[in-house]
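To be precise, the following lines are upload.txt, and they hold compact mmCIF, C-alpha atoms.
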# COMPACT_ATOMS: atom_id res chain seq x y z
CA MET A 1 19.57 -15.61 -4.28
CA ALA A 2 17.67 -17.64 -6.82
CA GLY A 3 14.47 -19.18 -5.54
CA GLN A 4 14.24 -16.74 -2.69
CA SER A 5 10.64 -16.63 -1.62
CA ASP A 6 9.07 -13.48 -0.35
CA PRO A 7 7.06 -13.88 2.83
CA HIS A 8 5.75 -10.34 2.55
CA LEU A 9 3.51 -10.98 -0.40
CA SER A 10 0.39 -9.88 1.34
CA VAL A 11 1.53 -6.44 2.28
CA PHE A 12 -1.47 -5.13 4.12
CA SER A 13 -3.77 -6.98 6.47
CA ALA A 14 -7.50 -6.60 5.98
CA ALA A 15 -7.60 -4.55 9.17
CA GLU A 16 -4.97 -2.19 7.79
CA VAL A 17 -6.89 -1.70 4.57
CA GLU A 18 -9.92 -0.88 6.67
CA PHE A 19 -7.84 1.55 8.69
CA LEU A 20 -6.99 3.40 5.49
CA ALA A 21 -10.62 3.46 4.43
CA GLU A 22 -11.64 5.01 7.73
CA ASP A 23 -10.00 8.24 6.64
CA GLU A 24 -12.44 8.68 3.75
CA MET A 25 -14.78 11.61 4.27
CA VAL A 26 -18.48 11.13 4.89
CA GLU A 27 -21.33 13.48 5.71
CA ILE A 28 -23.01 13.30 9.10
CA VAL A 29 -25.93 15.10 10.68
CA PRO A 30 -25.20 15.58 14.38
CA ASN A 31 -27.95 15.71 16.97
CA MET A 32 -25.84 17.43 19.58
CA LYS A 33 -23.79 20.56 20.02
CA MET A 34 -20.04 20.28 20.18
CA GLY A 35 -17.21 22.68 19.46
CA PRO A 36 -14.72 22.16 16.64
CA LEU A 37 -12.24 19.31 16.94
CA ASN A 38 -8.68 20.23 16.06
CA PHE A 39 -7.14 16.85 15.34
CA ILE A 40 -3.70 15.93 14.09
CA CYS A 41 -5.38 14.70 10.92
CA GLY A 42 -7.32 17.95 10.42
CA ASP A 43 -9.98 20.23 11.85
CA PHE A 44 -13.61 19.15 11.99
CA GLY A 45 -16.80 20.67 13.22
CA PRO A 46 -18.20 22.68 14.90
CA PHE A 47 -21.16 20.38 15.35
CA ARG A 48 -24.68 21.79 15.50
CA PRO A 49 -27.90 19.77 15.65
CA GLN A 50 -29.38 19.12 12.19
CA ILE A 51 -26.52 20.88 10.40
CA ALA A 52 -24.67 18.47 8.12
CA THR A 53 -20.89 18.42 8.23
CA GLU A 54 -18.08 16.33 6.73
CA VAL A 55 -15.91 14.11 8.91
CA PRO A 56 -13.68 11.09 8.39
CA LEU A 57 -15.49 7.78 8.53
CA TRP A 58 -13.85 6.69 11.77
CA LEU A 59 -15.16 9.79 13.51
CA ALA A 60 -18.59 9.32 11.98
CA VAL A 61 -18.72 5.73 13.22
CA ALA A 62 -17.50 6.74 16.68
CA LEU A 63 -20.23 9.38 16.97
CA LYS A 64 -22.85 7.07 15.51
CA LYS A 65 -21.99 4.34 18.02
CA ARG A 66 -22.68 6.81 20.80
CA GLY A 67 -25.94 7.87 19.20
CA LYS A 68 -24.70 11.38 18.48
CA CYS A 69 -25.40 11.58 14.76
CA THR A 70 -26.86 10.00 11.69
CA ILE A 71 -24.62 9.23 8.74
CA ARG A 72 -25.62 10.29 5.25
CA PRO A 73 -24.63 7.41 3.01
CA PRO A 74 -22.50 8.51 0.06
CA GLN A 75 -24.33 9.01 -3.23
CA TRP A 76 -22.92 5.90 -4.85
CA LEU A 77 -24.33 3.77 -2.03
CA SER A 78 -27.91 3.75 -3.29
CA VAL A 79 -30.05 1.18 -5.04
CA GLU A 80 -30.29 3.34 -8.15
CA LYS A 81 -26.56 4.03 -8.54
CA LEU A 82 -25.49 0.53 -7.65
CA THR A 83 -27.96 -1.02 -10.07
CA GLN A 84 -26.41 1.07 -12.83
CA VAL A 85 -22.93 0.04 -11.76
CA LEU A 86 -23.88 -3.62 -11.64
CA GLU A 87 -25.38 -3.46 -15.12
CA ALA A 88 -22.36 -1.67 -16.52
CA GLU A 89 -20.13 -4.12 -14.73
CA ARG A 90 -21.92 -7.01 -16.41
CA ASP A 91 -21.93 -5.32 -19.80
CA SER A 92 -18.20 -4.70 -19.97
CA PRO A 93 -16.43 -7.98 -19.38
CA ARG A 94 -12.95 -6.48 -19.32
CA GLU A 95 -13.43 -3.20 -17.57
CA PHE A 96 -14.03 -2.28 -13.97
CA GLN A 97 -16.51 0.48 -13.24
CA PRO A 98 -15.21 3.46 -11.31
CA LEU A 99 -16.15 3.07 -7.67
CA PRO A 100 -14.47 4.62 -4.65
CA PHE A 101 -11.08 2.98 -4.02
CA HIS A 102 -12.38 1.79 -0.65
CA TYR A 103 -15.96 0.95 -1.62
CA VAL A 104 -15.84 -2.51 -0.04
CA GLU A 105 -14.61 -1.28 3.32
CA ILE A 106 -16.79 1.84 3.40
CA SER A 107 -19.96 -0.07 2.62
CA ARG A 108 -19.02 -2.78 5.10
CA LEU A 109 -18.42 -0.24 7.88
CA LEU A 110 -21.70 1.50 7.15
CA PHE A 111 -23.63 -1.78 7.02
CA ASP A 112 -22.16 -2.73 10.37
CA HIS A 113 -22.62 0.56 12.18
CA ALA A 114 -25.20 2.65 10.37
CA ARG A 115 -27.64 0.24 8.75
CA ASP A 116 -30.60 2.34 9.93
CA ASP A 117 -29.25 5.32 7.96
CA ILE A 118 -29.14 3.50 4.63
CA PRO A 119 -32.42 3.35 2.72
CA ASP A 120 -33.20 -0.15 1.39
CA VAL A 121 -30.21 -1.52 3.21
CA TYR A 122 -30.87 -5.16 2.29
CA MET A 123 -31.10 -4.33 -1.38
CA VAL A 124 -28.00 -2.13 -1.24
CA ARG A 125 -26.10 -4.83 0.55
CA SER A 126 -26.98 -7.52 -1.94
CA LEU A 127 -26.11 -5.19 -4.83
CA ILE A 128 -22.67 -4.55 -3.34
CA GLU A 129 -22.19 -8.28 -2.98
CA ASP A 130 -23.24 -8.89 -6.58
CA ILE A 131 -20.88 -6.18 -7.80
CA ARG A 132 -18.00 -7.65 -5.82
CA TYR A 133 -18.78 -11.05 -7.23
CA VAL A 134 -18.95 -9.88 -10.85
CA ARG A 135 -15.75 -7.87 -10.51
CA PHE A 136 -13.96 -10.74 -8.90
CA SER A 137 -14.85 -13.18 -11.61
CA LYS A 138 -13.49 -10.62 -14.08
CA VAL A 139 -10.24 -10.52 -12.17
CA GLU A 140 -10.10 -14.29 -12.24
CA SER A 141 -10.68 -14.58 -15.96
CA GLY A 142 -8.18 -11.77 -16.49
CA LEU A 143 -5.56 -13.68 -14.57
CA GLU A 144 -5.76 -16.46 -17.13
CA THR A 145 -4.23 -14.15 -19.69
CA ILE A 146 -1.03 -13.70 -17.69
CA SER A 147 1.86 -15.41 -19.38
CA GLY A 148 5.61 -15.26 -19.64
CA ARG A 149 5.14 -12.36 -21.99
CA THR A 150 3.39 -10.25 -19.38
CA HIS A 151 5.37 -7.29 -18.18
CA ALA A 152 2.68 -5.17 -16.72
CA VAL A 153 -0.90 -5.69 -15.77
CA LYS A 154 -3.35 -2.85 -15.92
CA LEU A 155 -6.18 -2.96 -13.42
CA LYS A 156 -7.73 0.46 -13.64
CA ASN A 157 -10.45 1.02 -11.02
CA LEU A 158 -9.66 -2.09 -9.05
CA SER A 159 -10.34 -1.26 -5.42
CA ALA A 160 -8.08 -1.49 -2.38
CA MET A 161 -9.59 -4.63 -0.91
CA GLU A 162 -9.64 -6.31 -4.29
CA VAL A 163 -5.99 -5.44 -4.79
CA ASN A 164 -5.17 -6.89 -1.42
CA ILE A 165 -6.94 -10.15 -2.15
CA VAL A 166 -5.37 -10.81 -5.53
CA ARG A 167 -1.93 -9.49 -4.64
CA PRO A 168 -0.28 -12.70 -3.41
CA PHE A 169 -1.47 -14.67 -6.38
CA VAL A 170 -0.72 -12.07 -9.04
CA VAL A 171 2.71 -11.24 -7.68
CA ARG A 172 3.76 -14.85 -7.33
CA THR A 173 2.51 -15.71 -10.79
CA LEU A 174 4.25 -12.78 -12.46
CA GLN A 175 7.42 -13.50 -10.54
CA ALA A 176 7.43 -17.13 -11.53
CA PHE A 177 6.91 -16.30 -15.21
CA TYR A 178 9.50 -13.56 -15.03
CA LYS A 179 12.06 -15.80 -13.40
CA HIS A 180 11.69 -18.66 -15.82
CA ASP A 181 11.73 -16.30 -18.73
CA SER A 182 14.76 -14.30 -17.64
CA PRO A 183 17.96 -14.49 -19.65
CA GLN A 184 19.77 -16.03 -16.69
CA MET A 185 17.63 -19.12 -16.99
CA ILE A 186 18.41 -19.51 -20.67
CA GLN A 187 21.92 -18.22 -21.00
CA HIS A 188 23.80 -21.46 -21.74
CA PRO A 189 24.85 -21.05 -25.33
CA ASP A 190 24.78 -24.71 -26.33
CA THR A 191 21.29 -25.33 -25.00
CA ALA A 192 20.07 -21.98 -26.24
CA ALA A 193 20.86 -23.03 -29.78
CA ASN A 194 18.23 -25.74 -29.54
CA ARG A 195 15.56 -23.43 -28.26
CA PRO A 196 13.21 -21.45 -30.37
CA PRO A 197 14.81 -18.04 -30.81
CA GLN A 198 11.86 -16.00 -29.56
CA VAL A 199 12.21 -17.22 -25.99
CA ALA A 200 14.32 -14.31 -24.85
CA ASP A 201 12.20 -11.78 -26.61
CA ARG A 202 9.46 -10.93 -24.21
CA GLY A 203 6.46 -9.51 -25.95
CA PRO A 204 4.04 -6.76 -25.14
CA ARG A 205 2.35 -6.46 -21.83
CA ARG A 206 -1.09 -7.89 -21.40
CA ASP A 207 -4.01 -5.86 -20.35
CA LEU A 208 -6.76 -7.22 -18.24
CA ARG A 209 -9.01 -4.98 -20.17
CA ARG A 210 -9.22 -4.07 -23.76
CA ARG A 211 -8.96 -0.44 -24.75
CA MET B 212 -0.37 -0.36 -27.00
CA ALA B 213 -0.24 2.70 -24.81
CA SER B 214 -3.40 3.95 -23.22
CA GLY B 215 -3.47 7.39 -24.72
CA SER B 216 -7.23 7.55 -24.93
CA GLU B 217 -7.68 8.36 -21.27
CA GLN B 218 -5.66 11.51 -21.15
CA GLY B 219 -8.87 13.47 -20.65
CA LEU B 220 -8.75 13.41 -16.85
CA ASP B 221 -8.64 16.96 -15.70
CA THR B 222 -5.33 17.49 -14.01
CA ALA B 223 -6.50 20.73 -12.44
CA THR B 224 -8.75 18.95 -9.93
CA GLU B 225 -5.99 16.48 -9.20
CA ASP B 226 -3.49 19.18 -8.45
CA TYR B 227 -5.99 20.84 -6.18
CA ASP B 228 -6.74 17.55 -4.46
CA SER B 229 -3.10 16.88 -3.81
CA LEU B 230 -2.64 20.39 -2.50
CA ILE B 231 -5.32 20.18 0.12
CA ALA B 232 -4.53 16.57 0.95
CA THR B 233 -1.06 17.24 2.21
CA THR B 234 -1.49 17.19 5.95
CA ASP B 235 1.36 15.47 7.73
CA VAL B 236 -0.91 12.54 8.54
CA GLU B 237 -1.61 12.17 4.84
CA LEU B 238 2.12 12.24 4.08
CA LEU B 239 2.84 9.79 6.87
CA LYS B 240 0.21 7.45 5.52
CA GLN B 241 1.76 7.63 2.11
CA ALA B 242 5.25 6.98 3.50
CA TRP B 243 3.86 4.05 5.48
CA ARG B 244 2.15 2.52 2.46
CA ASN B 245 5.19 2.90 0.27
CA GLU B 246 7.51 1.51 2.91
CA LYS B 247 5.19 -1.43 3.45
CA ALA B 248 4.87 -2.28 -0.21
CA ALA B 249 8.44 -1.65 -1.38
CA PRO B 250 10.81 -4.60 -1.22
CA GLU B 251 13.82 -2.46 -0.24
CA ILE B 252 14.24 0.12 2.48
CA LEU B 253 13.31 3.65 1.35
CA GLN B 254 14.73 7.01 2.36
CA PHE B 255 13.94 7.80 6.00
CA GLN B 256 11.44 10.69 6.11
CA ALA B 257 13.39 12.58 8.76
CA SER B 258 11.57 15.92 8.85
CA LEU B 259 8.14 14.35 8.45
CA ILE B 260 8.80 11.96 11.32
CA GLN B 261 10.16 14.80 13.42
CA ARG B 262 7.03 16.86 12.79
CA SER B 263 4.71 13.91 13.46
CA ARG B 264 6.49 13.20 16.74
CA GLU B 265 6.05 16.81 17.82
CA GLN B 266 2.39 16.80 16.92
CA ILE B 267 1.83 13.57 18.80
CA GLN B 268 3.61 15.00 21.83
CA LEU B 269 1.51 18.12 21.65
CA MET B 270 -1.68 16.11 21.35
CA GLU B 271 -0.71 13.92 24.30
CA ASP B 272 -0.31 17.05 26.39
CA THR B 273 -3.65 18.38 25.18
CA VAL B 274 -5.46 15.14 26.01
CA GLU B 275 -3.89 15.11 29.46
CA GLU B 276 -4.96 18.69 30.01
CA PHE B 277 -8.50 17.84 28.89
CA THR B 278 -8.68 14.97 31.35
CA GLU B 279 -7.51 17.19 34.16
CA ASN B 280 -9.79 20.15 33.54
CA GLY B 281 -12.85 17.94 33.17
CA THR B 282 -13.61 18.41 29.48
CA ASP B 283 -16.56 16.44 28.14
CA PRO B 284 -15.43 12.76 28.12
CA LEU B 285 -16.78 12.29 24.59
CA THR B 286 -14.51 15.00 23.25
CA VAL B 287 -11.55 13.55 25.14
CA SER B 288 -12.17 10.07 23.77
CA LEU B 289 -12.38 11.44 20.20
CA TYR B 290 -9.07 13.24 20.61
CA GLN B 291 -7.62 10.06 22.03
CA MET B 292 -8.79 8.14 18.95
CA ASP B 293 -7.14 10.64 16.63
CA LEU B 294 -3.96 10.35 18.67
CA ASP B 295 -4.06 6.55 18.59
CA ARG B 296 -4.45 6.52 14.82
CA THR B 297 -1.47 8.76 14.24
CA GLN B 298 0.62 6.83 16.72
CA PHE B 299 -0.27 3.59 15.01
CA LEU B 300 0.93 4.97 11.68
CA LEU B 301 4.19 6.21 13.12
CA ARG B 302 4.92 3.01 15.03
CA SER B 303 4.04 0.79 12.15
CA TYR B 304 6.24 2.86 9.81
CA LEU B 305 9.23 2.59 12.13
CA ARG B 306 8.60 -1.10 12.72
CA ILE B 307 8.54 -2.05 9.07
CA ARG B 308 11.85 -0.28 8.65
CA LEU B 309 13.35 -2.20 11.55
CA GLN B 310 12.09 -5.45 10.06
CA LYS B 311 13.73 -4.62 6.77
CA ILE B 312 16.95 -3.68 8.51
CA GLU B 313 16.97 -6.96 10.42
CA LYS B 314 16.37 -8.89 7.27
CA TYR B 315 18.94 -7.20 5.07
CA MET B 316 21.37 -5.83 7.63
CA ILE B 317 24.59 -6.95 6.01
CA HIS B 318 23.50 -5.86 2.57
CA ILE B 319 22.40 -2.46 3.89
CA SER B 320 25.56 -1.96 5.95
CA ARG B 321 27.82 -2.33 2.99
CA THR B 322 25.78 -0.51 0.37
CA ASN B 323 26.43 3.18 0.78
CA GLU B 324 23.27 4.29 -0.93
CA LEU B 325 21.09 2.16 1.36
CA TRP B 326 23.08 3.00 4.48
CA ASN B 327 22.47 6.68 3.92
CA ARG B 328 18.73 6.10 3.79
CA LEU B 329 18.70 5.14 7.46
CA SER B 330 18.21 7.54 10.32
CA GLU B 331 20.99 7.85 12.87
CA GLN B 332 19.18 5.61 15.32
CA GLU B 333 18.51 3.07 12.60
CA GLN B 334 22.18 3.04 11.67
CA ARG B 335 23.05 2.34 15.29
CA PHE B 336 20.48 -0.41 15.38
CA ALA B 337 21.79 -1.94 12.15
CA LYS B 338 25.35 -1.87 13.43
CA ARG B 339 24.50 -3.53 16.72
CA CYS B 340 22.24 -6.01 15.02
CA THR B 341 24.95 -7.05 12.58
CA ASP B 342 27.55 -7.36 15.33
CA ASP B 343 25.29 -9.42 17.53
CA MET B 344 24.22 -11.68 14.72
CA GLU B 345 27.79 -12.28 13.68
CA LYS B 346 28.86 -13.01 17.20
CA HIS B 347 25.95 -15.32 17.77
CA LEU B 348 26.43 -17.26 14.56
CA LYS B 349 30.15 -17.60 15.16
CA GLN B 350 29.76 -18.83 18.70
CA SER B 351 26.93 -21.20 18.14
CA VAL B 352 27.60 -22.62 14.68
CA LEU B 353 30.35 -21.30 12.49
CA SER B 354 33.27 -21.92 14.86
CA ARG B 355 32.29 -25.60 15.00
CA LEU B 356 32.24 -26.06 11.26
CA PRO B 357 35.28 -27.31 9.36
CA TYR B 358 37.73 -24.79 7.96
CA GLY B 359 36.38 -23.29 4.74
CA TYR B 360 32.81 -23.15 5.95
CA GLN B 361 33.22 -20.58 8.68
CA SER B 362 32.39 -17.37 6.84
CA ILE B 363 29.20 -15.55 7.66
CA LEU B 364 29.08 -14.20 4.13
CA LYS B 365 29.88 -17.26 2.05
CA GLN B 366 28.62 -20.79 1.88
CA SER B 367 32.14 -22.07 1.58
CA ILE B 368 35.57 -20.76 0.82
CA SER B 369 35.11 -21.77 -2.80
CA SER B 370 32.16 -19.44 -3.33
CA GLU B 371 33.18 -16.62 -5.61
CA GLU B 372 30.58 -14.20 -4.34
CA ASP B 373 29.11 -13.54 -0.94
CA ASP B 374 26.24 -15.88 -1.47
CA MET B 375 24.91 -15.91 2.07
CA VAL B 376 23.88 -12.27 2.23
CA PRO B 377 20.13 -11.78 1.79
CA GLU B 378 19.22 -8.98 -0.57
CA PRO B 379 15.81 -7.56 -1.38
CA GLN B 380 14.30 -8.75 -4.60
CA LEU B 381 14.00 -5.60 -6.65
CA ASP B 382 12.46 -7.26 -9.67
CA THR B 383 9.42 -8.34 -7.74
CA PHE B 384 6.06 -6.99 -8.84
CA VAL B 385 4.18 -4.29 -6.98
CA PHE B 386 0.75 -2.68 -7.27
CA CYS B 387 0.98 1.00 -7.89
CA LYS B 388 -1.28 3.95 -8.54
CA SER B 389 -0.23 7.05 -10.40
CA LYS B 390 -1.15 10.34 -8.79
CA GLY B 391 -1.12 12.71 -11.68
CA SER B 392 -0.32 11.95 -15.26
CA VAL B 393 3.19 10.54 -15.36
CA GLY B 394 3.25 10.14 -19.09
CA ALA B 395 5.00 7.48 -21.07
CA PHE B 396 7.96 5.89 -19.41
CA GLN B 397 10.21 2.99 -20.12
CA LEU B 398 9.66 -0.27 -18.33
CA ASP B 399 12.86 -1.91 -19.39
CA ASP B 400 16.44 -1.00 -19.98
CA SER B 401 16.05 -2.30 -23.48
CA GLY B 402 13.41 0.33 -24.16
CA ASP B 403 10.92 -1.80 -26.00
CA GLU B 404 8.42 -1.68 -23.17
CA ILE B 405 6.60 1.61 -22.77
CA VAL B 406 3.78 2.22 -20.37
CA ASP B 407 1.73 5.37 -20.46
CA LEU B 408 0.62 6.22 -16.95
CA VAL B 409 -2.33 8.57 -16.71
CA GLY B 410 -3.81 9.87 -13.48
CA ASP B 411 -5.34 7.32 -11.15
CA ASP B 412 -4.28 4.34 -13.20
CA LEU B 413 -3.64 1.12 -11.34
CA TYR B 414 -0.88 -1.14 -12.56
CA VAL B 415 1.07 -4.16 -11.49
CA LEU B 416 4.65 -3.43 -12.50
CA ARG B 417 8.14 -4.52 -11.65
CA TYR B 418 9.40 -2.53 -8.68
CA LYS B 419 12.75 -1.94 -10.33
CA SER B 420 11.23 -0.12 -13.25
CA ILE B 421 9.16 2.32 -11.16
CA LYS B 422 11.63 2.76 -8.30
CA ALA B 423 12.59 6.25 -9.43
CA LEU B 424 8.94 7.32 -9.69
CA VAL B 425 8.28 6.11 -6.15
CA GLU B 426 11.29 8.00 -4.87
CA ARG B 427 10.17 11.17 -6.60
CA GLY B 428 6.67 10.74 -5.20
CA GLN B 429 5.00 10.57 -8.60
CA ILE B 430 3.51 7.20 -7.97
CA ASP B 431 2.11 5.49 -4.87
CA LEU B 432 2.43 1.85 -3.98
CA VAL B 433 -0.86 0.36 -2.83
Will you turn the file into structure tokens for me?
Amino acid sequence: MAGQSDPHLSVFSAAEVEFLAEDEMVEIVPNMKMGPLNFICGDFGPFRPQIATEVPLWLAVALKKRGKCTIRPPQWLSVEKLTQVLEAERDSPREFQPLPFHYVEISRLLFDHARDDIPDVYMVRSLIEDIRYVRFSKVESGLETISGRTHAVKLKNLSAMEVNIVRPFVVRTLQAFYKHDSPQMIQHPDTAANRPPQVADRGPRRDLRRR
Amino acid sequence: MASGSEQGLDTATEDYDSLIATTDVELLKQAWRNEKAAPEILQFQASLIQRSREQIQLMEDTVEEFTENGTDPLTVSLYQMDLDRTQFLLRSYLRIRLQKIEKYMIHISRTNELWNRLSEQEQRFAKRCTDDMEKHLKQSVLSRLPYGYQSILKQSISSEEDDMVPEPQLDTFVFCKSKGSVGAFQLDDSGDEIVDLVGDDLYVLRYKSIKALVERGQIDLV
């Protein structure tokens, strides 16, 4: 089955990644009274006016849309924290800063549905965009280091949406290198004699970041 | 070479996290992700699917009851959303498996290990699918081809192997995330490639080399 192409390279759709992010917990402050909700995915509530409680993001957004609560933005979603992250992101060209695995989707959902609950929302939004941009250019320059000698790529702290975007490219690249470097491609003894001997010996994996 | 410097992650919190995070929905989500990202078909999660089905059934009854006894429409709609989300997961999980079965039916049917990963219904589906496909191909194409080119498994009679049976590409690369510390493990049969997986690390690795870790639930595909 040589040359078999894989149509399933992009495994998750953007909507599916968002679906996963909607299960992340977030704090809300309800403005109404409602008994506890015993869902398949867990028990939430009871809800009392002005008493903060934790719920999954999808529930928070649903309540917010109906004007039943305000959402408390997570701590990392503030000008101060994000400025620090952006600086650190710029200072370490090979490392990704730890951010929630779904930071892109969470911030997007909150910008779309709860912008009035986020202090300095314009600033926060542009910081998130800058961070995404810086991280993405790091991914791109990291991709240049992939070669036939790459066995594993380490992408610690890369987020879900970022994974999903680079997946098709990374997988296809690694596969192509792997295929052309595999012993099957270079097994003919008479031609192998003319090749440099180190071809079959695949070297250490490359890291996208230096330790 | 190995990333030993990051061992400091406290495993205690991780263990606790994984303990409280094991609702069936959480497990279903994990099974769904893995099934979606893995090139081959994985073991059918029989008891988990059974439990999820029961919970969905129960919730459907509850929602119906709510509608009848005039519960606050907001509450009903929230329960309905929860139900829809779980149903989506279950359906999508089953669908991906059917897609894989359709794609690799012959290969699955004749590989014992893979065959045993299917549920009873899936086995029935695979059997019927294979029969129908064979019948269809024979009637519409193969019977009209010259002798020697009529096999559904081989390109021609001179092929030594069954070279017309699609198989999943196990040496493709996948993105994976380690849950706890997995420790050092070998990437290759040759043993000269060692990766040290610490908690929450994200790697792109060859599926073949981490297959066992996925099956044991030590690593998640993302």
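The interatomic distance for the pair CA of Leu259 in chain B and CA of Leu238 in chain B works out to 7.7 Å.
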Spatial neighbours of range 64-75 of chain A, max dist 6 Å, only C-alpha atoms, sep filter under 4 positions, as an MDAnalysis selection string: chainID A and resid 27:31 60
Neighbours of chain A in chain B at 9 Å, counting all atoms listed in the file, as a PyMOL selection string: chain B and resi 212+214+216+234-237+240+244+247-248+250+263+266-267+270+285-286+289-290+292-294+296-297+374-378+380+382-386+388+398+403-404+406+411-417+433
Quick one: axis-aligned box around all listed atoms of range 61-71 of chain A, 3 Å on every side, centre and edge lengths in Å to one decimal, written as JSON.
{"center_x": -22.2, "center_y": 8.0, "center_z": 14.8, "size_x": 15.4, "size_y": 13.2, "size_z": 18.1}
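When only C-alpha atoms are used to measure the gap to Leu364 in chain B, the shortest distance among B:Val274, B:Leu381, B:Met316, B:Leu309 belongs to B:Met316.
Straight-line separation from CA of Arg90 in chain A to CA of Arg135 in chain A: 8.6 Å.
CA of Glu95 in chain A to CA of Phe136 in chain A spans 11.5 Å [interatomic distance, one decimal].
Considering all atoms listed in the file, the residue among A:Ile51, A:Val85, A:His102, A:Ile118 positioned nearest to Met25 in chain A is A:His102.
Restricting the calculation to all atoms listed in the file, the smallest distance between Tyr304 in chain B and any of B:Asp373, B:Ile368, B:Leu432, B:Ile260 is found for B:Ile260.
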